[in-house]
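Q: Sharing work-v2.pdb, PDB, C-alpha atoms:
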```pdb
ATOM      1  CA  MET U 219     -29.713  -6.384  -2.205
ATOM      2  CA  ARG U 220     -27.639  -4.567   0.410
ATOM      3  CA  LEU U 221     -24.180  -5.198   1.824
ATOM      4  CA  PRO U 222     -22.552  -3.896   5.015
ATOM      5  CA  PHE U 223     -19.546  -1.625   4.723
ATOM      6  CA  LEU U 224     -17.030   0.181   6.890
ATOM      7  CA  THR U 225     -14.669   3.015   6.202
ATOM      8  CA  LEU U 226     -11.311   2.929   7.945
ATOM      9  CA  ASP U 227      -8.397   5.323   8.176
ATOM     10  CA  VAL U 228      -5.299   3.180   7.658
ATOM     11  CA  PHE U 229      -1.679   3.666   8.775
ATOM     12  CA  THR U 230      -2.821   5.813  11.680
ATOM     13  CA  ASP U 231      -4.416   5.516  15.120
ATOM     14  CA  THR U 232      -6.211   8.864  14.702
ATOM     15  CA  PRO U 233      -9.529   9.186  12.835
ATOM     16  CA  TYR U 234      -9.424  11.543   9.829
ATOM     17  CA  GLU U 235      -5.707  11.056   9.356
ATOM     18  CA  GLY U 236      -4.012   8.239   7.439
ATOM     19  CA  ASN U 237      -5.417   6.832   4.189
ATOM     20  CA  PRO U 238      -9.203   6.340   3.928
ATOM     21  CA  LEU U 239     -10.364   2.890   2.834
ATOM     22  CA  GLY U 240     -13.734   1.474   1.914
ATOM     23  CA  VAL U 241     -14.280  -2.062   3.267
ATOM     24  CA  VAL U 242     -17.235  -3.937   1.773
ATOM     25  CA  LEU U 243     -18.201  -7.135   3.599
ATOM     26  CA  VAL U 244     -19.389  -9.909   1.273
ATOM     27  CA  PRO U 245     -21.330 -12.698   3.022
ATOM     28  CA  ALA U 246     -20.459 -16.313   2.261
ATOM     29  CA  GLY U 247     -22.776 -17.930  -0.249
ATOM     30  CA  LEU U 248     -24.027 -14.604  -1.622
ATOM     31  CA  SER U 249     -26.335 -15.411  -4.533
ATOM     32  CA  PRO U 250     -25.925 -14.240  -7.139
ATOM     33  CA  ALA U 251     -22.220 -13.726  -6.551
ATOM     34  CA  LEU U 252     -20.935 -10.172  -6.731
ATOM     35  CA  ALA U 253     -19.600  -9.520 -10.247
ATOM     36  CA  SER U 254     -16.399  -7.590 -10.972
ATOM     37  CA  THR U 255     -18.436  -4.892 -12.717
ATOM     38  CA  GLN U 256     -20.495  -4.428  -9.556
ATOM     39  CA  LYS U 257     -17.370  -4.213  -7.396
ATOM     40  CA  GLN U 258     -15.940  -1.636  -9.803
ATOM     41  CA  ALA U 259     -19.127   0.442  -9.615
ATOM     42  CA  ILE U 260     -19.055   0.345  -5.802
ATOM     43  CA  ALA U 261     -15.404   1.436  -5.770
ATOM     44  CA  ARG U 262     -16.258   4.348  -8.082
ATOM     45  CA  GLU U 263     -19.062   5.345  -5.721
ATOM     46  CA  PHE U 264     -16.734   5.380  -2.705
ATOM     47  CA  ASN U 265     -14.303   7.440  -4.824
ATOM     48  CA  LEU U 266     -11.378   6.572  -2.543
ATOM     49  CA  SER U 267      -7.942   5.522  -3.736
ATOM     50  CA  GLU U 268      -8.918   1.882  -3.065
ATOM     51  CA  THR U 269     -11.851  -0.166  -1.832
ATOM     52  CA  VAL U 270     -11.385  -3.719  -0.523
ATOM     53  CA  PHE U 271     -14.023  -6.456  -0.649
ATOM     54  CA  VAL U 272     -13.660  -8.921   2.226
ATOM     55  CA  HIS U 273     -15.360 -12.293   1.677
ATOM     56  CA  LEU U 274     -16.631 -13.371   5.082
ATOM     57  CA  PRO U 275     -16.473 -16.984   6.316
ATOM     58  CA  ALA U 276     -19.649 -19.072   6.252
ATOM     59  CA  GLN U 277     -20.100 -19.100  10.032
ATOM     60  CA  PRO U 278     -18.838 -16.491  12.533
ATOM     61  CA  ALA U 279     -16.725 -18.007  15.269
ATOM     62  CA  ALA U 280     -18.192 -18.125  18.744
ATOM     63  CA  PRO U 281     -15.952 -17.074  21.654
ATOM     64  CA  GLY U 282     -15.482 -20.680  22.825
ATOM     65  CA  ASP U 283     -14.768 -22.155  19.397
ATOM     66  CA  ASP U 284     -11.384 -23.600  18.537
ATOM     67  CA  GLU U 285     -11.023 -21.388  15.484
ATOM     68  CA  ASP U 286      -8.471 -22.387  12.844
ATOM     69  CA  SER U 287      -5.604 -19.942  13.275
ATOM     70  CA  ALA U 288      -4.731 -20.252   9.592
ATOM     71  CA  ALA U 289      -8.230 -19.321   8.313
ATOM     72  CA  ALA U 290      -8.086 -17.956   4.764
ATOM     73  CA  VAL U 291     -10.134 -14.877   3.804
ATOM     74  CA  PRO U 292     -10.359 -13.888   0.114
ATOM     75  CA  ILE U 293     -10.097 -10.172  -0.667
ATOM     76  CA  ASP U 294     -10.505  -8.144  -3.863
ATOM     77  CA  ILE U 295      -8.924  -4.695  -4.214
ATOM     78  CA  PHE U 296     -10.302  -2.061  -6.579
ATOM     79  CA  MET U 297      -9.271   1.460  -7.522
ATOM     80  CA  THR U 298     -11.984   3.654  -9.025
ATOM     81  CA  THR U 299     -10.923   2.531 -12.507
ATOM     82  CA  ALA U 300      -9.426  -0.976 -12.218
ATOM     83  CA  GLU U 301      -8.761  -3.988 -10.010
ATOM     84  CA  LEU U 302      -5.313  -4.344  -8.421
ATOM     85  CA  PRO U 303      -3.401  -7.532  -7.585
ATOM     86  CA  PHE U 304      -2.105  -5.983  -4.350
ATOM     87  CA  ALA U 305      -2.121  -2.678  -2.518
ATOM     88  CA  GLY U 306      -0.769  -1.875   0.904
ATOM     89  CA  HIS U 307      -3.413   0.074   2.767
ATOM     90  CA  PRO U 308      -6.296  -2.223   1.714
ATOM     91  CA  THR U 309      -4.216  -5.158   2.951
ATOM     92  CA  ILE U 310      -3.539  -3.586   6.355
ATOM     93  CA  GLY U 311      -7.134  -2.366   6.667
ATOM     94  CA  ALA U 312      -8.504  -5.825   5.838
ATOM     95  CA  ALA U 313      -5.981  -7.401   8.227
ATOM     96  CA  CYS U 314      -7.071  -5.169  11.115
ATOM     97  CA  PHE U 315     -10.701  -6.154  10.454
ATOM     98  CA  VAL U 316     -10.092  -9.901  10.072
ATOM     99  CA  LEU U 317      -7.835 -10.058  13.143
ATOM    100  CA  GLY U 318     -10.454  -8.262  15.257
ATOM    101  CA  LEU U 319      -8.190  -5.300  16.025
ATOM    102  CA  LEU U 320     -10.766  -2.549  15.438
ATOM    103  CA  ASN U 321     -12.721  -3.070  18.715
ATOM    104  CA  LEU U 322     -16.010  -3.144  16.805
ATOM    105  CA  ALA U 323     -19.174  -3.484  18.859
ATOM    106  CA  PRO U 324     -22.081  -5.580  17.557
ATOM    107  CA  SER U 325     -24.481  -3.432  15.540
ATOM    108  CA  ALA U 326     -27.274  -3.688  13.012
ATOM    109  CA  THR U 327     -24.634  -3.322  10.292
ATOM    110  CA  LEU U 328     -22.271  -5.915  11.729
ATOM    111  CA  PRO U 329     -23.985  -8.221  14.259
ATOM    112  CA  HIS U 330     -20.957 -10.545  14.499
ATOM    113  CA  PRO U 331     -17.706  -8.532  14.460
ATOM    114  CA  PRO U 332     -14.574 -10.686  14.147
ATOM    115  CA  ARG U 333     -13.168 -11.647  17.529
ATOM    116  CA  THR U 334      -9.518 -10.972  18.269
ATOM    117  CA  ARG U 335      -7.229 -13.633  16.835
ATOM    118  CA  PRO U 336      -3.430 -13.803  16.448
ATOM    119  CA  THR U 337      -3.114 -14.930  12.813
ATOM    120  CA  ALA U 338      -4.992 -15.484   9.553
ATOM    121  CA  THR U 339      -4.320 -15.379   5.808
ATOM    122  CA  LEU U 340      -5.706 -12.974   3.206
ATOM    123  CA  LEU U 341      -6.080 -14.361  -0.297
ATOM    124  CA  ALA U 342      -5.295 -11.535  -2.741
ATOM    125  CA  LYS U 343      -4.878 -11.720  -6.513
ATOM    126  CA  ALA U 344      -1.098 -11.399  -5.987
ATOM    127  CA  GLY U 345      -1.099 -14.473  -3.716
ATOM    128  CA  PRO U 346      -1.665 -15.507  -0.083
ATOM    129  CA  ILE U 347      -0.825 -12.865   2.540
ATOM    130  CA  PRO U 348      -0.226 -14.218   6.066
ATOM    131  CA  ILE U 349      -1.274 -11.640   8.656
ATOM    132  CA  THR U 350      -0.544 -11.369  12.364
ATOM    133  CA  ALA U 351      -1.390  -9.014  15.202
ATOM    134  CA  GLY U 352       1.572  -6.744  15.897
ATOM    135  CA  PRO U 353       3.193  -5.703  19.170
ATOM    136  CA  ALA U 354       1.201  -2.466  19.548
ATOM    137  CA  ALA U 355      -2.559  -2.201  20.069
ATOM    138  CA  GLY U 356      -4.412  -2.252  16.763
ATOM    139  CA  PHE U 357      -1.217  -2.939  14.814
ATOM    140  CA  ALA U 358      -1.292  -5.546  12.025
ATOM    141  CA  LEU U 359       1.610  -7.151  10.154
ATOM    142  CA  ALA U 360       1.270  -8.619   6.665
ATOM    143  CA  SER U 361       3.801 -10.825   4.845
ATOM    144  CA  ILE U 362       3.593  -9.322   1.397
ATOM    145  CA  PRO U 363       3.766 -11.398  -1.810
ATOM    146  CA  HIS U 364       6.595  -9.956  -3.835
ATOM    147  CA  ASN U 365       8.477 -10.296  -7.084
ATOM    148  CA  VAL U 366      10.830  -7.346  -6.835
ATOM    149  CA  HIS U 367      12.056  -6.156 -10.219
ATOM    150  CA  ILE U 368      14.354  -3.194 -10.896
ATOM    151  CA  HIS U 369      13.693  -2.032 -14.452
ATOM    152  CA  ALA U 370      16.569  -1.444 -16.833
ATOM    153  CA  ARG U 371      15.769   2.107 -17.904
ATOM    154  CA  THR U 372      15.602   5.396 -16.057
ATOM    155  CA  PRO U 373      13.844   8.449 -17.552
ATOM    156  CA  ALA U 374      17.256   9.819 -18.599
ATOM    157  CA  ALA U 375      17.690   6.832 -20.951
ATOM    158  CA  LEU U 376      14.548   7.546 -22.965
ATOM    159  CA  PRO U 377      14.583   9.508 -26.262
ATOM    160  CA  PRO U 378      13.686  13.227 -26.157
ATOM    161  CA  ASP U 379      10.292  12.622 -27.783
ATOM    162  CA  ALA U 380       9.166  10.190 -25.050
ATOM    163  CA  ASN U 381       5.922  11.276 -23.428
ATOM    164  CA  ILE U 382       7.331  11.764 -19.945
ATOM    165  CA  ALA U 383       6.978  15.081 -18.130
ATOM    166  CA  PHE U 384       9.207  16.347 -15.355
ATOM    167  CA  ASN U 385       8.651  18.708 -12.447
ATOM    168  CA  PRO U 386       9.369  22.372 -13.202
ATOM    169  CA  HIS U 387      11.857  22.657 -10.332
ATOM    170  CA  PRO U 388      15.238  21.795 -11.884
ATOM    171  CA  ASP U 389      16.532  19.874  -8.861
ATOM    172  CA  ILE U 390      13.412  17.710  -8.685
ATOM    173  CA  ALA U 391      13.516  17.156 -12.451
ATOM    174  CA  ALA U 392      17.162  16.039 -12.248
ATOM    175  CA  ALA U 393      16.278  13.551  -9.508
ATOM    176  CA  GLU U 394      13.346  12.244 -11.583
ATOM    177  CA  ARG U 395      15.583  11.672 -14.613
ATOM    178  CA  ALA U 396      18.043   9.609 -12.548
ATOM    179  CA  ALA U 397      15.432   7.646 -10.566
ATOM    180  CA  ALA U 398      15.017   3.868 -10.744
ATOM    181  CA  VAL U 399      11.718   2.205 -11.587
ATOM    182  CA  VAL U 400      10.920  -0.711  -9.266
ATOM    183  CA  SER U 401       8.013  -3.183  -9.224
ATOM    184  CA  ILE U 402       7.008  -4.883  -5.970
ATOM    185  CA  VAL U 403       4.859  -7.287  -8.033
ATOM    186  CA  ARG U 404       3.981  -7.314 -11.708
ATOM    187  CA  GLY U 405       1.380  -4.589 -12.137
ATOM    188  CA  MET U 406       2.509  -2.337  -9.235
ATOM    189  CA  SER U 407       5.515  -0.186 -10.178
ATOM    190  CA  PHE U 408       7.006   3.072  -8.936
ATOM    191  CA  LEU U 409       9.559   5.656 -10.010
ATOM    192  CA  LEU U 410      11.571   6.089  -6.784
ATOM    193  CA  VAL U 411      12.743   9.697  -6.663
ATOM    194  CA  ARG U 412      15.166  10.535  -3.863
ATOM    195  CA  LEU U 413      15.264  14.218  -2.933
ATOM    196  CA  PRO U 414      17.825  15.917  -0.691
ATOM    197  CA  SER U 415      15.461  17.978   1.474
ATOM    198  CA  LEU U 416      11.949  18.229   2.883
ATOM    199  CA  ASP U 417      11.666  21.642   1.224
ATOM    200  CA  LEU U 418      12.034  20.039  -2.210
ATOM    201  CA  LEU U 419       9.652  17.256  -1.217
ATOM    202  CA  ALA U 420       6.992  19.889  -0.474
ATOM    203  CA  GLN U 421       7.499  21.397  -3.949
ATOM    204  CA  ALA U 422       6.849  18.202  -5.930
ATOM    205  CA  CYS U 423       3.764  18.771  -8.090
ATOM    206  CA  PHE U 424       1.238  16.953 -10.251
ATOM    207  CA  LEU U 425       2.123  16.102 -13.837
ATOM    208  CA  PRO U 426      -1.333  15.264 -15.254
ATOM    209  CA  GLU U 427      -0.246  14.572 -18.837
ATOM    210  CA  ALA U 428       2.719  12.370 -17.924
ATOM    211  CA  THR U 429       2.973   8.624 -18.455
ATOM    212  CA  LEU U 430       5.618   6.263 -17.105
ATOM    213  CA  GLN U 431       4.573   3.075 -18.922
ATOM    214  CA  GLY U 432       7.428   3.493 -21.405
ATOM    215  CA  LEU U 433       9.948   2.899 -18.608
ATOM    216  CA  LEU U 434       8.765  -0.627 -17.866
ATOM    217  CA  ASP U 435      10.646  -3.654 -19.171
ATOM    218  CA  PRO U 436       8.958  -6.015 -21.645
ATOM    219  CA  ASP U 437       6.552  -8.426 -19.915
ATOM    220  CA  TRP U 438       6.214  -5.929 -17.046
ATOM    221  CA  ALA U 439       4.448  -3.097 -18.926
ATOM    222  CA  VAL U 440       1.066  -3.517 -17.217
ATOM    223  CA  GLY U 441      -0.836  -2.050 -14.323
ATOM    224  CA  PHE U 442      -0.181   0.963 -12.131
ATOM    225  CA  VAL U 443       2.909   3.208 -12.260
ATOM    226  CA  GLY U 444       3.329   6.099  -9.819
ATOM    227  CA  ARG U 445       6.035   8.508  -8.672
ATOM    228  CA  PHE U 446       7.244   8.021  -5.107
ATOM    229  CA  TYR U 447       9.278  10.986  -3.868
ATOM    230  CA  TYR U 448      11.226  10.424  -0.672
ATOM    231  CA  VAL U 449      13.727  11.999   1.723
ATOM    232  CA  VAL U 450      15.810  10.170   4.321
ATOM    233  CA  THR U 451      14.969  12.448   7.216
ATOM    234  CA  PRO U 452      17.841  14.608   8.501
ATOM    235  CA  SER U 453      17.181  13.715  12.152
ATOM    236  CA  ASP U 454      17.826  10.089  11.274
ATOM    237  CA  VAL U 455      21.594  10.557  11.019
ATOM    238  CA  ASP U 456      22.303  10.285  14.736
ATOM    239  CA  ALA U 457      19.418   7.969  15.642
ATOM    240  CA  ASP U 458      19.668   4.647  17.427
ATOM    241  CA  ARG U 459      21.339   2.128  15.125
ATOM    242  CA  ASP U 460      18.739  -0.488  16.088
ATOM    243  CA  ALA U 461      15.837   1.765  15.073
ATOM    244  CA  PRO U 462      14.321   1.657  11.580
ATOM    245  CA  LEU U 463      15.564   4.107   8.974
ATOM    246  CA  THR U 464      13.063   6.966   8.911
ATOM    247  CA  ILE U 465      11.838   8.404   5.630
ATOM    248  CA  ARG U 466       9.357  11.096   4.559
ATOM    249  CA  ALA U 467       7.542  10.440   1.298
ATOM    250  CA  ARG U 468       4.845  11.495  -1.157
ATOM    251  CA  MET U 469       3.208   9.407  -3.909
ATOM    252  CA  MET U 470       1.745  11.070  -7.018
ATOM    253  CA  GLU U 471       0.178   9.704 -10.176
ATOM    254  CA  GLU U 472      -1.243  12.185 -12.676
ATOM    255  CA  SER U 473      -3.781  14.218 -10.630
ATOM    256  CA  LEU U 474      -3.786  11.838  -7.628
ATOM    257  CA  GLU U 475      -1.790  12.179  -4.417
ATOM    258  CA  ASP U 476      -2.077   9.257  -2.016
ATOM    259  CA  PRO U 477      -1.860   9.786   1.770
ATOM    260  CA  ALA U 478      -0.230   6.376   2.342
ATOM    261  CA  THR U 479       1.034   3.883  -0.226
ATOM    262  CA  GLY U 480       2.051   0.547   1.274
ATOM    263  CA  SER U 481       2.953  -0.998  -2.085
ATOM    264  CA  ALA U 482       5.287   1.903  -2.915
ATOM    265  CA  SER U 483       6.803   1.721   0.563
ATOM    266  CA  CYS U 484       7.473  -2.003   0.054
ATOM    267  CA  ALA U 485       9.067  -1.303  -3.338
ATOM    268  CA  LEU U 486      11.244   1.452  -1.854
ATOM    269  CA  ALA U 487      12.340  -0.603   1.155
ATOM    270  CA  SER U 488      13.211  -3.547  -1.106
ATOM    271  CA  TYR U 489      15.202  -1.315  -3.454
ATOM    272  CA  LEU U 490      17.121   0.392  -0.647
ATOM    273  CA  ALA U 491      17.927  -2.953   0.973
ATOM    274  CA  LEU U 492      19.115  -4.477  -2.311
ATOM    275  CA  THR U 493      21.286  -1.477  -3.159
ATOM    276  CA  GLY U 494      22.864  -1.316   0.287
ATOM    277  CA  THR U 495      20.956   1.490   2.019
ATOM    278  CA  VAL U 496      19.947  -0.507   5.076
ATOM    279  CA  ALA U 497      18.606   0.552   8.448
ATOM    280  CA  ARG U 498      21.473   1.067  10.869
ATOM    281  CA  GLY U 499      23.255  -2.190  10.066
ATOM    282  CA  ALA U 500      26.438  -2.538   8.079
ATOM    283  CA  ILE U 501      26.244  -2.846   4.308
ATOM    284  CA  GLY U 502      25.417  -6.472   3.579
ATOM    285  CA  ALA U 503      23.175  -7.035   6.596
ATOM    286  CA  PRO U 504      20.529  -9.741   6.030
ATOM    287  CA  SER U 505      17.561  -7.546   6.995
ATOM    288  CA  ALA U 506      16.542  -3.902   7.092
ATOM    289  CA  SER U 507      13.712  -1.899   8.655
ATOM    290  CA  TYR U 508      12.093   1.322   7.468
ATOM    291  CA  GLU U 509       9.511   3.699   8.938
ATOM    292  CA  ILE U 510       7.965   5.812   6.194
ATOM    293  CA  THR U 511       5.848   8.847   7.034
ATOM    294  CA  GLN U 512       3.583   9.994   4.211
ATOM    295  CA  GLY U 513       0.612  12.317   3.711
ATOM    296  CA  VAL U 514       1.957  15.179   5.846
ATOM    297  CA  GLU U 515       1.551  17.741   3.043
ATOM    298  CA  MET U 516      -2.099  16.638   2.653
ATOM    299  CA  GLY U 517      -2.925  16.923   6.358
ATOM    300  CA  ARG U 518      -3.330  13.122   6.608
ATOM    301  CA  ARG U 519      -0.176  11.954   8.352
ATOM    302  CA  SER U 520       0.404   8.208   7.902
ATOM    303  CA  VAL U 521       3.094   5.955   9.374
ATOM    304  CA  ILE U 522       4.101   2.816   7.469
ATOM    305  CA  ARG U 523       6.500   0.150   8.761
ATOM    306  CA  VAL U 524       8.343  -2.146   6.325
ATOM    307  CA  ASP U 525      10.827  -4.891   7.234
ATOM    308  CA  VAL U 526      12.656  -6.731   4.451
ATOM    309  CA  GLY U 527      14.902  -9.793   4.407
ATOM    310  CA  VAL U 528      17.717 -10.067   1.879
ATOM    311  CA  ASP U 529      19.666 -13.088   0.666
ATOM    312  CA  ARG U 530      23.096 -11.812  -0.372
ATOM    313  CA  SER U 531      24.592 -15.153  -1.367
ATOM    314  CA  GLY U 532      24.314 -14.296  -5.095
ATOM    315  CA  GLU U 533      25.935 -11.466  -7.028
ATOM    316  CA  GLU U 534      22.841  -9.264  -7.125
ATOM    317  CA  GLY U 535      21.066 -10.309  -3.923
ATOM    318  CA  LYS U 536      17.436 -11.312  -3.572
ATOM    319  CA  ILE U 537      14.566 -10.127  -1.415
ATOM    320  CA  THR U 538      13.407 -13.089   0.690
ATOM    321  CA  SER U 539      10.648 -11.440   2.733
ATOM    322  CA  VAL U 540       8.655  -8.217   2.878
ATOM    323  CA  GLN U 541       6.577  -7.446   5.951
ATOM    324  CA  LEU U 542       4.257  -4.444   5.964
ATOM    325  CA  GLY U 543       2.881  -3.064   9.223
ATOM    326  CA  GLY U 544       0.429  -0.429  10.353
ATOM    327  CA  GLN U 545      -2.703   0.467  12.285
ATOM    328  CA  ALA U 546      -6.277   1.322  11.292
ATOM    329  CA  VAL U 547      -9.249   3.027  12.945
ATOM    330  CA  LEU U 548     -12.975   2.908  12.236
ATOM    331  CA  VAL U 549     -14.618   6.056  10.867
ATOM    332  CA  MET U 550     -17.987   5.007   9.400
ATOM    333  CA  GLU U 551     -20.207   1.976   9.016
ATOM    334  CA  GLY U 552     -23.434   1.366   7.152
ATOM    335  CA  THR U 553     -25.036  -0.535   4.284
ATOM    336  CA  LEU U 554     -24.945   0.020   0.532
ATOM    337  CA  GLU U 555     -27.281  -0.928  -2.282
ATOM    338  CA  VAL U 556     -25.640  -3.372  -4.704
ATOM    339  CA  PRO U 557     -25.682  -1.928  -8.236
ATOM    340  CA  PRO U 558     -27.197  -3.919 -11.112
ATOM    341  CA  VAL U 559     -24.925  -6.137 -13.206
TER     342      VAL U 559
END
```
How does this structure look as structure tokens?
A:
Amino acid sequence: MRLPFLTLDVFTDTPYEGNPLGVVLVPAGLSPALASTQKQAIAREFNLSETVFVHLPAQPAAPGDDEDSAAAVPIDIFMTTAELPFAGHPTIGAACFVLGLLNLAPSATLPHPPRTRPTATLLAKAGPIPITAGPAAGFALASIPHNVHIHARTPAALPPDANIAFNPHPDIAAAERAAAVVSIVRGMSFLLVRLPSLDLLAQACFLPEATLQGLLDPDWAVGFVGRFYYVVTPSDVDADRDAPLTIRARMMEESLEDPATGSASCALASYLALTGTVARGAIGAPSASYEITQGVEMGRRSVIRVDVGVDRSGEEGKITSVQLGGQAVLVMEGTLEVPPV
């Protein structure tokens, strides 16, 4: 049995930049149904940071049909080693496909590309994700399911024998020790390391023997934990107060560097908004916007937009909405042989 697939570069409008994504299209009523072990094997074969499986509707919409604008499309997201409840660039890549923003022509691989539509909903393991076409061509917006949690401990609070490594540069190591750990949802957590300069950001390095699981609070100690290094860009100081706060970032986890990490960007934006670092507005503003550029050091520049809403009626504040935005472009399409169960 064969299935159609695409590869997209996400968070960019330029092929061979951004974050590569495998998109496997699963026809409705596939029999036998695709097992999780088969999806995992396919993701390993792609060997990308994530592969998303998009479960197609039973009948493609014809141009004259009154298509339900709230159509729900299930998706499954896999790393090479495990399934994820949510990840940013698979969400935006799937959104651009489902909304018909990729300008795909009919082909032997995909005889009925999705037609352009303003809205839909992706059904991820983390929950429903409403998606809409954004203001720019090929730009998709996704309302991200979230359960933002700031963990109690920083690396500095752990005992000396804890199995956590630090960067050899003393200034980066000091920032790592003081950094907060934040989950955007249970199972997707990040050590948010603020650095003072782009020079230091370029010097952050892999720590292959390190583990950050010991930093997570009880009942949250599951899933993925990465290090997200970031710099509020110097040119941002005198920028338009209505513009989003601009940030440069890198995400590393053991021997992996990711060109664009939407989940980490959502965690960072939520944390900065909750702690008062908002985009241009006064402290206490009800919303904040961030534009995060990642992947520059890898030669795969990616631009990620995050807008967050904050309810400040309580003592600690609460994130009320997280909207992730970005573009995607087609790079490859073809068919794959489904592995045995």
Q: Choose the residue, out of U:Ala420, U:Ala251, U:Ala358, U:Ala300, that has the smallest atom-to-atom separation from Gly318 in chain U; count all atoms listed in the file.
A: U:Ala358
Q: Need the shell around His367 in chain U: protein/DNA/RNA residues with any atom at most 8 Å away, counting all atoms listed in the file. Skip same-chain ones fewer than 4 positions apart. Format as an NGL selection string?
A: :U and (400-403)
Q: Please expand the PyMOL selection byres ((chain U and resi 474) around 12) into the concrete residues it hits in this file, giving the result as a compact mmCIF listing (two decimals) with C-alpha atoms, in the coordinates of the input.
A:
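The resulting file, out-v5.txt, is reproduced below:
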```txt
# COMPACT_ATOMS: atom_id res chain seq x y z
CA ASN U 265 -14.30 7.44 -4.82
CA LEU U 266 -11.38 6.57 -2.54
CA SER U 267 -7.94 5.52 -3.74
CA MET U 297 -9.27 1.46 -7.52
CA THR U 298 -11.98 3.65 -9.02
CA CYS U 423 3.76 18.77 -8.09
CA PHE U 424 1.24 16.95 -10.25
CA LEU U 425 2.12 16.10 -13.84
CA PRO U 426 -1.33 15.26 -15.25
CA VAL U 443 2.91 3.21 -12.26
CA GLY U 444 3.33 6.10 -9.82
CA ARG U 445 6.04 8.51 -8.67
CA PHE U 446 7.24 8.02 -5.11
CA ARG U 468 4.84 11.50 -1.16
CA MET U 469 3.21 9.41 -3.91
CA MET U 470 1.74 11.07 -7.02
CA GLU U 471 0.18 9.70 -10.18
CA GLU U 472 -1.24 12.18 -12.68
CA SER U 473 -3.78 14.22 -10.63
CA GLU U 475 -1.79 12.18 -4.42
CA ASP U 476 -2.08 9.26 -2.02
CA PRO U 477 -1.86 9.79 1.77
CA ALA U 478 -0.23 6.38 2.34
CA THR U 479 1.03 3.88 -0.23
CA MET U 516 -2.10 16.64 2.65
```
Q: Could you jot down the CA of Ala342 in chain U to CA of Ile293 in chain U separation for me, Å, one decimal place?
A: 5.4 Å
Q: Go through the shown structure with the PyMOL selection byres ((chain U and resi 226) around 6) and write out the matching residues as a count of residues only.
A: 7
Q: Between U:Arg335, U:Lys343, U:Arg518, U:Arg530, which one has atoms that come closest to Tyr234 in chain U, using all atoms listed in the file?
A: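 Answer, going by the shortest atom-to-atom distance: U:Arg518.
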Q: Give me, please, the distance in Å between CA of Leu430 in chain U and CA of Gly345 in chain U, quoted to one decimal.
A: 25.6 Å
Q: Just checking: using all atoms listed in the file, which residue out of U:Thr230, U:Pro331, U:Ala305, U:Ala354 ends up closest to Pro275 in chain U?
A: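 Ranking U:Thr230, U:Pro331, U:Ala305, U:Ala354 by distance to Pro275 in chain U, first place goes to U:Pro331.
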Q: Given the choices U:Val450, U:Ala246, U:Val524, U:Ala397, which gets closest to Phe384 in chain U if the distance is worked out from all atoms listed in the file?
A: U:Ala397
Q: Between CA of Tyr448 in chain U and CA of Thr429 in chain U, what is the distance, to one decimal in Å?
A: 19.7 Å
Q: Do you know which residues the PyMOL selection byres ((chain U and resi 398) around 8) returns on this file, as a ChimeraX atom specification?
A: /U:368-369,371-372,396-397,399-400,409-411
Q: Point out the residue among U:Glu394, U:Thr299, U:Leu419, U:Leu340 with the least atom-to-atom distance to Ala259 in chain U, counting only C-alpha atoms.
A: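 Of U:Glu394, U:Thr299, U:Leu419, U:Leu340, the one nearest Ala259 in chain U is U:Thr299, counting only C-alpha atoms.
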Q: Applying 8 Å and only C-alpha atoms, which residues near Ile349 in chain U remain after dropping the ones on its own chain fewer than 5 positions away? List them as a count of residues only.
A: 9
Q: Taking every listed atom of range 246-263 of chain U and adding 5 Å to each side, what centre and edge lengths in Å (one decimal) does the axis-aligned box have, as lines of an AutoDock Vina configuration file?
A:
```
center_x = -20.9
center_y = -6.3
center_z = -5.2
size_x = 20.9
size_y = 33.3
size_z = 25.0
```
Q: Residues near Leu376 in chain U, anyone? I mean within 12 Å using all atoms listed in the file, not counting same-chain ones fewer than 5 positions away, as a list in words.
A: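 The contact residues come out as Ala370, Arg371, Asn381, Ile382, Ala383, Arg395, Ala396, Leu430, Gln431, Gly432, Leu433 and Leu434 of chain U.
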Q: Point out the residue among U:Ser505, U:Asn385, U:Gln541, U:Asn365 with the least atom-to-atom distance to Trp438 in chain U, counting only C-alpha atoms.
A: U:Asn365
Q: Go ahead and find all residues with at least one atom no further than 8 Å from (-7.6, -7.4, 13.8) in the file's coordinates, using all atoms listed in the file; report them as a list of chain:residue names.
A: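 Checked against the point, the hits come out as U:Ala313, U:Cys314, U:Phe315, U:Val316, U:Leu317, U:Gly318, U:Leu319, U:Leu320, U:Pro332, U:Arg333, U:Thr334, U:Arg335, U:Ala351, U:Gly356, U:Phe357, U:Ala358.
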